[in-house]
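So this one's run36.cif, mmCIF, C-alpha atoms:
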```
data_entry
loop_
_atom_site.group_PDB
_atom_site.id
_atom_site.type_symbol
_atom_site.label_atom_id
_atom_site.label_comp_id
_atom_site.auth_asym_id
_atom_site.auth_seq_id
_atom_site.Cartn_x
_atom_site.Cartn_y
_atom_site.Cartn_z
ATOM 1 C CA MET A 434 -32.911 19.827 38.585
ATOM 2 C CA GLU A 435 -32.543 16.122 37.857
ATOM 3 C CA VAL A 436 -30.834 13.651 40.188
ATOM 4 C CA ILE A 437 -29.359 10.528 38.610
ATOM 5 C CA THR A 438 -28.023 7.675 40.749
ATOM 6 C CA ARG A 439 -25.701 5.046 39.340
ATOM 7 C CA ASN A 440 -24.742 1.824 41.078
ATOM 8 C CA SER A 441 -21.086 2.686 41.552
ATOM 9 C CA ALA A 442 -18.691 5.605 41.498
ATOM 10 C CA GLU A 443 -17.244 4.249 38.263
ATOM 11 C CA GLN A 444 -20.661 4.305 36.593
ATOM 12 C CA ALA A 445 -21.347 7.841 37.857
ATOM 13 C CA VAL A 446 -18.010 9.028 36.483
ATOM 14 C CA ARG A 447 -18.698 7.296 33.182
ATOM 15 C CA LEU A 448 -22.095 8.969 32.838
ATOM 16 C CA VAL A 449 -20.633 12.425 33.432
ATOM 17 C CA ALA A 450 -17.899 11.784 30.855
ATOM 18 C CA ARG A 451 -20.471 10.564 28.319
ATOM 19 C CA LEU A 452 -22.613 13.645 28.860
ATOM 20 C CA LEU A 453 -19.585 15.877 28.404
ATOM 21 C CA GLU A 454 -18.547 14.010 25.258
ATOM 22 C CA ALA A 455 -22.077 14.241 23.844
ATOM 23 C CA ARG A 456 -22.230 17.993 24.395
ATOM 24 C CA ILE A 457 -18.856 18.514 22.691
ATOM 25 C CA ARG A 458 -19.823 16.359 19.711
ATOM 26 C CA ALA A 459 -23.078 18.317 19.379
ATOM 27 C CA LYS A 460 -21.249 21.655 19.640
ATOM 28 C CA PRO A 461 -17.551 21.288 18.752
ATOM 29 C CA ASP A 462 -16.817 24.901 19.742
ATOM 30 C CA ALA A 463 -18.390 24.511 23.176
ATOM 31 C CA VAL A 464 -17.298 26.731 26.061
ATOM 32 C CA LEU A 465 -16.618 24.389 28.965
ATOM 33 C CA GLY A 466 -16.505 25.191 32.653
ATOM 34 C CA LEU A 467 -14.107 22.734 34.281
ATOM 35 C CA ALA A 468 -13.464 21.540 37.818
ATOM 36 C CA THR A 469 -10.645 19.788 39.658
ATOM 37 C CA GLY A 470 -10.403 17.058 42.271
ATOM 38 C CA ARG A 471 -9.716 13.345 42.466
ATOM 39 C CA THR A 472 -13.090 12.348 41.032
ATOM 40 C CA MET A 473 -12.658 14.709 38.083
ATOM 41 C CA GLU A 474 -9.364 13.015 37.227
ATOM 42 C CA ARG A 475 -11.388 9.921 36.326
ATOM 43 C CA VAL A 476 -13.867 11.985 34.301
ATOM 44 C CA TYR A 477 -11.034 13.491 32.282
ATOM 45 C CA ALA A 478 -9.425 10.082 31.761
ATOM 46 C CA GLU A 479 -12.727 8.814 30.324
ATOM 47 C CA LEU A 480 -13.039 11.906 28.138
ATOM 48 C CA VAL A 481 -9.517 11.442 26.784
ATOM 49 C CA ALA A 482 -10.244 7.765 26.073
ATOM 50 C CA SER A 483 -13.358 8.734 24.100
ATOM 51 C CA GLY A 484 -11.192 10.386 21.444
ATOM 52 C CA VAL A 485 -13.499 13.398 21.141
ATOM 53 C CA SER A 486 -11.800 16.486 19.708
ATOM 54 C CA LEU A 487 -11.509 19.608 21.855
ATOM 55 C CA ALA A 488 -9.642 21.524 19.156
ATOM 56 C CA ARG A 489 -12.338 24.188 18.877
ATOM 57 C CA CYS A 490 -13.335 24.267 22.545
ATOM 58 C CA THR A 491 -12.665 27.011 25.074
ATOM 59 C CA SER A 492 -12.414 26.276 28.787
ATOM 60 C CA PHE A 493 -12.698 28.184 32.051
ATOM 61 C CA ASN A 494 -11.781 26.612 35.362
ATOM 62 C CA LEU A 495 -13.747 27.300 38.508
ATOM 63 C CA ASP A 496 -10.919 28.432 40.748
ATOM 64 C CA GLU A 497 -7.248 28.710 41.644
ATOM 65 C CA TYR A 498 -5.299 29.062 44.871
ATOM 66 C CA ILE A 499 -4.010 32.530 45.663
ATOM 67 C CA GLY A 500 -0.237 32.715 45.908
ATOM 68 C CA LEU A 501 0.551 29.779 43.623
ATOM 69 C CA SER A 502 2.133 30.404 40.246
ATOM 70 C CA PRO A 503 0.768 28.495 37.238
ATOM 71 C CA GLU A 504 3.981 26.435 37.282
ATOM 72 C CA ASP A 505 3.510 25.314 40.887
ATOM 73 C CA PRO A 506 2.758 21.564 40.846
ATOM 74 C CA ASN A 507 -0.098 22.135 43.317
ATOM 75 C CA SER A 508 -1.776 24.813 41.196
ATOM 76 C CA TYR A 509 -4.975 23.992 39.371
ATOM 77 C CA ARG A 510 -3.343 25.110 36.125
ATOM 78 C CA SER A 511 -0.774 22.346 36.621
ATOM 79 C CA TYR A 512 -3.552 19.915 37.506
ATOM 80 C CA MET A 513 -5.465 20.690 34.304
ATOM 81 C CA ASN A 514 -2.348 20.516 32.149
ATOM 82 C CA GLU A 515 -1.476 17.112 33.602
ATOM 83 C CA HIS A 516 -4.891 15.471 33.631
ATOM 84 C CA LEU A 517 -6.535 16.884 30.527
ATOM 85 C CA PHE A 518 -4.945 19.607 28.421
ATOM 86 C CA SER A 519 -1.721 17.715 27.658
ATOM 87 C CA LYS A 520 -3.700 14.653 26.558
ATOM 88 C CA VAL A 521 -6.149 16.245 24.093
ATOM 89 C CA ASP A 522 -5.980 18.597 21.119
ATOM 90 C CA ILE A 523 -7.266 21.722 22.858
ATOM 91 C CA ASP A 524 -5.390 24.965 22.159
ATOM 92 C CA LEU A 525 -3.776 26.035 25.447
ATOM 93 C CA ALA A 526 -4.433 29.662 24.466
ATOM 94 C CA ASN A 527 -8.133 28.864 24.794
ATOM 95 C CA THR A 528 -7.829 27.404 28.294
ATOM 96 C CA HIS A 529 -8.353 29.752 31.218
ATOM 97 C CA VAL A 530 -7.673 29.400 34.935
ATOM 98 C CA PRO A 531 -8.023 32.304 37.404
ATOM 99 C CA ASP A 532 -4.707 34.065 38.061
ATOM 100 C CA GLY A 533 -3.981 33.330 41.696
ATOM 101 C CA ALA A 534 -0.554 34.974 41.384
ATOM 102 C CA ALA A 535 -1.930 38.333 40.195
ATOM 103 C CA ALA A 536 -0.742 41.439 41.983
ATOM 104 C CA ASP A 537 -4.240 42.934 41.734
ATOM 105 C CA LEU A 538 -6.715 40.166 42.564
ATOM 106 C CA LYS A 539 -9.821 42.281 42.030
ATOM 107 C CA ALA A 540 -8.629 43.253 38.559
ATOM 108 C CA ALA A 541 -7.805 39.623 37.798
ATOM 109 C CA ALA A 542 -11.282 38.558 38.926
ATOM 110 C CA GLN A 543 -12.963 41.170 36.744
ATOM 111 C CA ASP A 544 -10.770 40.180 33.803
ATOM 112 C CA TYR A 545 -11.906 36.573 34.254
ATOM 113 C CA GLU A 546 -15.553 37.635 34.165
ATOM 114 C CA ASN A 547 -14.851 39.660 31.031
ATOM 115 C CA ARG A 548 -13.169 36.705 29.313
ATOM 116 C CA ILE A 549 -16.154 34.462 30.024
ATOM 117 C CA SER A 550 -18.493 37.093 28.615
ATOM 118 C CA GLN A 551 -16.332 37.603 25.516
ATOM 119 C CA ALA A 552 -16.394 33.828 24.901
ATOM 120 C CA GLY A 553 -20.188 33.934 24.810
ATOM 121 C CA GLY A 554 -20.762 32.436 28.250
ATOM 122 C CA ILE A 555 -20.252 28.895 29.484
ATOM 123 C CA ASP A 556 -22.235 26.144 27.760
ATOM 124 C CA LEU A 557 -21.595 23.377 30.285
ATOM 125 C CA GLN A 558 -20.164 23.760 33.775
ATOM 126 C CA LEU A 559 -18.788 20.730 35.634
ATOM 127 C CA LEU A 560 -19.000 20.873 39.415
ATOM 128 C CA GLY A 561 -18.003 18.930 42.478
ATOM 129 C CA ILE A 562 -19.308 19.618 45.966
ATOM 130 C CA GLY A 563 -17.188 20.220 49.032
ATOM 131 C CA GLU A 564 -17.987 18.772 52.421
ATOM 132 C CA ALA A 565 -19.003 22.271 53.543
ATOM 133 C CA GLY A 566 -21.499 22.354 50.661
ATOM 134 C CA HIS A 567 -19.503 24.673 48.462
ATOM 135 C CA ILE A 568 -19.286 24.775 44.682
ATOM 136 C CA GLY A 569 -16.066 26.276 43.423
ATOM 137 C CA PHE A 570 -14.614 27.882 46.530
ATOM 138 C CA ASN A 571 -17.885 29.588 47.447
ATOM 139 C CA GLU A 572 -17.644 28.921 51.153
ATOM 140 C CA PRO A 573 -20.552 29.331 53.629
ATOM 141 C CA LEU A 574 -22.272 32.756 53.464
ATOM 142 C CA SER A 575 -21.192 33.322 49.863
ATOM 143 C CA SER A 576 -23.724 35.531 48.135
ATOM 144 C CA LEU A 577 -25.907 33.650 45.687
ATOM 145 C CA MET A 578 -25.366 36.569 43.280
ATOM 146 C CA SER A 579 -21.571 36.630 43.713
ATOM 147 C CA ARG A 580 -19.151 36.945 40.822
ATOM 148 C CA THR A 581 -15.519 35.853 40.466
ATOM 149 C CA ARG A 582 -13.591 37.088 43.491
ATOM 150 C CA ASP A 583 -11.083 36.153 46.206
ATOM 151 C CA LYS A 584 -12.325 34.065 49.135
ATOM 152 C CA ALA A 585 -10.902 32.827 52.436
ATOM 153 C CA LEU A 586 -11.049 29.034 52.716
ATOM 154 C CA THR A 587 -12.551 27.242 55.708
ATOM 155 C CA PRO A 588 -10.515 24.776 57.795
ATOM 156 C CA VAL A 589 -12.866 22.038 56.519
ATOM 157 C CA THR A 590 -12.012 22.851 52.907
ATOM 158 C CA ARG A 591 -8.302 23.064 53.588
ATOM 159 C CA ALA A 592 -8.359 19.703 55.377
ATOM 160 C CA GLN A 593 -10.334 18.161 52.506
ATOM 161 C CA ASN A 594 -7.757 19.418 49.981
ATOM 162 C CA ALA A 595 -4.688 18.543 52.032
ATOM 163 C CA GLY A 596 -3.999 15.415 49.985
ATOM 164 C CA MET A 597 -2.478 17.515 47.220
ATOM 165 C CA PHE A 598 -0.152 19.114 49.776
ATOM 166 C CA GLY A 599 1.367 16.043 51.377
ATOM 167 C CA GLY A 600 -1.586 15.581 53.718
ATOM 168 C CA ASP A 601 -0.791 18.742 55.680
ATOM 169 C CA PRO A 602 -3.718 21.222 55.864
ATOM 170 C CA ASP A 603 -1.312 23.955 56.994
ATOM 171 C CA ARG A 604 0.357 23.824 53.570
ATOM 172 C CA VAL A 605 -2.932 24.451 51.749
ATOM 173 C CA PRO A 606 -3.244 28.130 50.766
ATOM 174 C CA LYS A 607 -5.693 30.061 52.904
ATOM 175 C CA ARG A 608 -7.333 31.915 50.020
ATOM 176 C CA ALA A 609 -8.431 31.320 46.443
ATOM 177 C CA LEU A 610 -9.850 33.092 43.416
ATOM 178 C CA THR A 611 -13.144 31.502 42.483
ATOM 179 C CA MET A 612 -16.054 31.926 40.124
ATOM 180 C CA GLY A 613 -18.979 33.252 42.109
ATOM 181 C CA VAL A 614 -22.269 31.457 42.620
ATOM 182 C CA GLY A 615 -23.886 33.903 40.208
ATOM 183 C CA THR A 616 -21.164 33.238 37.634
ATOM 184 C CA ILE A 617 -21.786 29.487 37.902
ATOM 185 C CA LEU A 618 -25.553 29.891 37.602
ATOM 186 C CA ASP A 619 -25.049 31.833 34.352
ATOM 187 C CA ALA A 620 -23.842 28.645 32.610
ATOM 188 C CA ARG A 621 -26.406 27.151 30.259
ATOM 189 C CA GLU A 622 -26.076 23.669 31.748
ATOM 190 C CA LEU A 623 -24.690 22.438 35.069
ATOM 191 C CA ILE A 624 -23.518 18.930 35.941
ATOM 192 C CA LEU A 625 -22.496 18.156 39.521
ATOM 193 C CA LEU A 626 -20.750 14.879 40.321
ATOM 194 C CA ALA A 627 -20.554 13.495 43.854
ATOM 195 C CA THR A 628 -19.477 10.046 44.994
ATOM 196 C CA GLY A 629 -18.868 8.263 48.271
ATOM 197 C CA PRO A 630 -20.552 8.167 51.686
ATOM 198 C CA ALA A 631 -18.789 11.321 52.900
ATOM 199 C CA LYS A 632 -20.863 13.348 50.432
ATOM 200 C CA ALA A 633 -24.272 11.828 51.274
ATOM 201 C CA ALA A 634 -25.383 14.281 53.949
ATOM 202 C CA ILE A 635 -24.311 17.419 52.111
ATOM 203 C CA VAL A 636 -25.773 16.224 48.798
ATOM 204 C CA ALA A 637 -29.139 15.722 50.513
ATOM 205 C CA ARG A 638 -29.005 19.193 52.056
ATOM 206 C CA ALA A 639 -27.999 20.810 48.763
ATOM 207 C CA VAL A 640 -30.625 19.013 46.668
ATOM 208 C CA GLU A 641 -33.577 18.727 49.050
ATOM 209 C CA GLY A 642 -32.932 21.337 51.710
ATOM 210 C CA PRO A 643 -33.630 25.065 51.628
ATOM 211 C CA VAL A 644 -31.731 27.386 49.304
ATOM 212 C CA THR A 645 -29.248 29.099 51.588
ATOM 213 C CA SER A 646 -25.952 30.933 51.353
ATOM 214 C CA MET A 647 -24.645 28.585 54.045
ATOM 215 C CA ILE A 648 -24.619 25.831 51.395
ATOM 216 C CA SER A 649 -23.741 27.423 48.075
ATOM 217 C CA ALA A 650 -24.562 24.216 46.175
ATOM 218 C CA SER A 651 -28.205 24.635 47.206
ATOM 219 C CA ALA A 652 -28.394 27.506 44.700
ATOM 220 C CA LEU A 653 -28.326 24.868 41.944
ATOM 221 C CA GLN A 654 -32.006 24.307 42.727
ATOM 222 C CA LEU A 655 -32.617 27.654 40.991
ATOM 223 C CA HIS A 656 -31.034 26.591 37.697
ATOM 224 C CA PRO A 657 -33.315 25.469 34.837
ATOM 225 C CA ASN A 658 -30.880 22.875 33.438
ATOM 226 C CA CYS A 659 -28.979 21.202 36.252
ATOM 227 C CA LYS A 660 -28.082 17.526 36.656
ATOM 228 C CA ILE A 661 -26.790 15.943 39.849
ATOM 229 C CA ILE A 662 -24.954 12.655 39.193
ATOM 230 C CA VAL A 663 -24.253 10.498 42.250
ATOM 231 C CA ASP A 664 -23.382 6.949 43.162
ATOM 232 C CA GLU A 665 -25.383 4.821 45.601
ATOM 233 C CA ALA A 666 -23.279 5.907 48.566
ATOM 234 C CA ALA A 667 -23.700 9.629 47.900
ATOM 235 C CA ALA A 668 -27.439 9.134 47.248
ATOM 236 C CA SER A 669 -28.120 7.309 50.505
ATOM 237 C CA ARG A 670 -29.672 10.280 52.330
ATOM 238 C CA LEU A 671 -31.971 11.459 49.533
ATOM 239 C CA GLU A 672 -35.681 11.254 50.355
ATOM 240 C CA GLY A 673 -36.971 11.627 46.780
ATOM 241 C CA ARG A 674 -34.961 8.754 45.380
ATOM 242 C CA GLU A 675 -37.958 6.818 43.994
ATOM 243 C CA TYR A 676 -39.069 9.742 41.842
ATOM 244 C CA TYR A 677 -35.541 10.575 40.703
ATOM 245 C CA ASP A 678 -35.041 6.984 39.549
ATOM 246 C CA PHE A 679 -38.396 7.039 37.751
ATOM 247 C CA VAL A 680 -37.359 10.123 35.773
ATOM 248 C CA PHE A 681 -34.083 8.544 34.659
ATOM 249 C CA ALA A 682 -35.839 5.311 33.689
ATOM 250 C CA ASN A 683 -38.604 6.982 31.687
ATOM 251 C CA GLU A 684 -37.575 10.352 30.246
ATOM 252 C CA PRO A 685 -36.551 10.108 26.559
ATOM 253 C CA GLU A 686 -33.490 12.336 26.985
ATOM 254 C CA TRP A 687 -31.842 9.642 29.128
ATOM 255 C CA ALA A 688 -32.523 6.689 26.805
ATOM 256 C CA GLU A 689 -29.018 6.533 25.318
ATOM 257 C CA PHE A 690 -27.358 6.791 28.756
ATOM 258 C CA ARG A 691 -29.193 4.014 30.627
ATOM 259 C CA ASP A 692 -26.817 1.170 29.805
#
```
What is this structure when it is put down as structure tokens?
Amino acid sequence: MEVITRNSAEQAVRLVARLLEARIRAKPDAVLGLATGRTMERVYAELVASGVSLARCTSFNLDEYIGLSPEDPNSYRSYMNEHLFSKVDIDLANTHVPDGAAADLKAAAQDYENRISQAGGIDLQLLGIGEAGHIGFNEPLSSLMSRTRDKALTPVTRAQNAGMFGGDPDRVPKRALTMGVGTILDARELILLATGPAKAAIVARAVEGPVTSMISASALQLHPNCKIIVDEAAASRLEGREYYDFVFANEPEWAEFRD
């Protein structure tokens, strides 16, 4: 795991977008794992502005609310169409979001796992982190070996996501289909983006605390190619900051991204 701190949220977003662009240019047929959220909107805007072609890419989103159709404006399919897919040259047939409207959720979850496998696995998975420490919708006590499945959402998560539902947590669906922690860890590279003071405590617990199912993001410590990108506010509780900064300033792989 590497932890990179940038001076501002804008710089953290820019670094993530540059990393994503670089991976796509190096492998034009990359299989991308994508995430949603307000911060990711800025990542996708930067990616669109870069002009990189996604024509040969395949994508898999982390999760989708159960009970929302793909056409629902609050669905993550609608989110992705609005913020990325409609603005780039990706083939919509190669974009995948879990089917939260499926009659058989277990079958839909297994189908999603099968599609990822058939695509050759995910090359790069983007991640955010929830205030409960979750990646995807892997809420506390999610198995670190879990696969795509349906999960009940905590009140904390529903309150955090209420902005997309008019600010009313009661309107946020109570369940979601999500990639499992094990599914996420199968990706060849992971990049987690976190910004703002509200994320500082949970970032520190996920990065420097024990690996525990209570904080699914802590499982990222087990991955051999994981990068945590944060701004100064989100990094404020990290104890190993001096070493993390030294790595970014000195390792050759980061030379082109230091400006």
Please build the interface table for range 562-652 of chain A against range 523-534 of chain A with a cut-off of 12 Å, listing for each qualifying residue the nearest atom pair and the distance in Å to one decimal; count all atoms listed in the file, order rows by chain and increasing number, and write it as CSV.
```
residue,atom,partner,partner_atom,distance
A:Gly569,CA,A:Pro531,CA,11.7
A:Thr581,CA,A:Pro531,CA,8.8
A:Arg582,CA,A:Pro531,CA,9.5
A:Asp583,CA,A:Gly533,CA,8.9
A:Lys584,CA,A:Gly533,CA,11.2
A:Pro606,CA,A:Gly533,CA,10.5
A:Lys607,CA,A:Gly533,CA,11.8
A:Arg608,CA,A:Gly533,CA,9.1
A:Ala609,CA,A:Gly533,CA,6.8
A:Leu610,CA,A:Gly533,CA,6.1
A:Thr611,CA,A:Pro531,CA,7.3
A:Met612,CA,A:Pro531,CA,8.5
A:Gly613,CA,A:Pro531,CA,12.0
```
Pull C-alpha atoms from the residues just selected and write them as a compact mmCIF listing (two decimals), in the coordinates of the input.
```
# COMPACT_ATOMS: atom_id res chain seq x y z
CA GLY A 569 -16.07 26.28 43.42
CA THR A 581 -15.52 35.85 40.47
CA ARG A 582 -13.59 37.09 43.49
CA ASP A 583 -11.08 36.15 46.21
CA LYS A 584 -12.32 34.06 49.14
CA PRO A 606 -3.24 28.13 50.77
CA LYS A 607 -5.69 30.06 52.90
CA ARG A 608 -7.33 31.92 50.02
CA ALA A 609 -8.43 31.32 46.44
CA LEU A 610 -9.85 33.09 43.42
CA THR A 611 -13.14 31.50 42.48
CA MET A 612 -16.05 31.93 40.12
CA GLY A 613 -18.98 33.25 42.11
```
- [ ] Please indicate the distance in Å from CA of Asp619 in chain A to CA of Leu559 in chain A, rounded to one decimal place.
- [x] 12.8 Å
TODO: Go through A:Arg621, A:Ala542, A:Ile457, A:Ala652 one by one, measure the shortest atom-to-atom distance of each to Met578 in chain A using only C-alpha atoms, and give the residue with the smallest value.
DONE: A:Ala652
TODO: Could you please determine the separation between CA of Asn594 in chain A and CA of Leu655 in chain A in Å, to one decimal place?
DONE: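 CA of Asn594 in chain A sits 27.7 Å away from CA of Leu655 in chain A.
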- [ ] Starting from the shown file, work through the PyMOL selection byres ((chain A and resi 482) around 12) and note down what comes out as a count of residues only.
- [x] 18
- [ ] Report the residues retrieved by the PyMOL selection byres ((chain A and resi 462) around 12) from the displayed file, expressed as a list in words.
- [x] Arg456, Ile457, Arg458, Ala459, Lys460, Pro461, Ala463, Val464, Leu465, Ser486, Leu487, Ala488, Arg489, Cys490, Thr491, Ser492, Ile523, Asp524, Asn527, Ala552, Gly553, Ile555, Asp556 and Leu557 of chain A
Task: Long-range neighbours of Ala442 in chain A as a PyMOL selection string, 12 Å cut-off, all atoms listed in the file, 3 positions minimum in chain - done: chain A and resi 438-439+445-449+471-473+475-476+626-630+662-668
Sorted per-residue table, range 442-472 of chain A near range 496-512 of chain A, closest atoms and distance, 9 Å, only C-alpha atoms, as JSON lines:
```
{"residue": "A:Ala468", "atom": "CA", "partner": "A:Asp496", "partner_atom": "CA", "distance": 7.9}
{"residue": "A:Thr469", "atom": "CA", "partner": "A:Tyr509", "partner_atom": "CA", "distance": 7.1}
{"residue": "A:Gly470", "atom": "CA", "partner": "A:Tyr512", "partner_atom": "CA", "distance": 8.8}
```
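Distance-wise, CA of Gly554 in chain A and CA of Ala688 in chain A end up 28.3 Å apart.
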So for range 679-682 of chain A, what box centre and size do we get, axis-aligned, 5 Å extra on each of the six sides, every listed atom, Å to one decimal, as JSON?
```
{"center_x": -36.2, "center_y": 7.7, "center_z": 35.7, "size_x": 14.3, "size_y": 14.8, "size_z": 14.1}
```
Task: Which of A:Met597, A:Met513, A:Ile617, A:Ala639 sits closest to Gly466 in chain A [using all atoms listed in the file] - done: A:Ile617
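Distance annotation: of A:Ile568, A:Ile661, A:Val436, A:Ala631, the residue with the minimal separation from Val680 in chain A is A:Val436; atom set is only C-alpha atoms.
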TODO: Show me as a ChimeraX atom specification the residues that reach within 10 Å of (-30.5, 24.4, 48.2), counting only C-alpha atoms and using the file's own coordinates.
DONE: /A:566,636-655
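Candidate residues A:Leu577, A:Val589, A:Leu560, A:Ile549 were compared for distance to Cys659 in chain A, and the nearest is A:Leu560, using all atoms listed in the file.
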Task: Pick from A:Gln558, A:Ser669, A:Gln593, A:Gln543 nearest to Leu452 in chain A, counting only C-alpha atoms - done: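 Nearest candidate to Leu452 in chain A out of A:Gln558, A:Ser669, A:Gln593, A:Gln543: A:Gln558.
Distances from A:Arg604, A:Lys660, A:Arg670, A:Arg691 to Ala633 in chain A were compared using all atoms listed in the file, and the smallest one belongs to A:Arg670.
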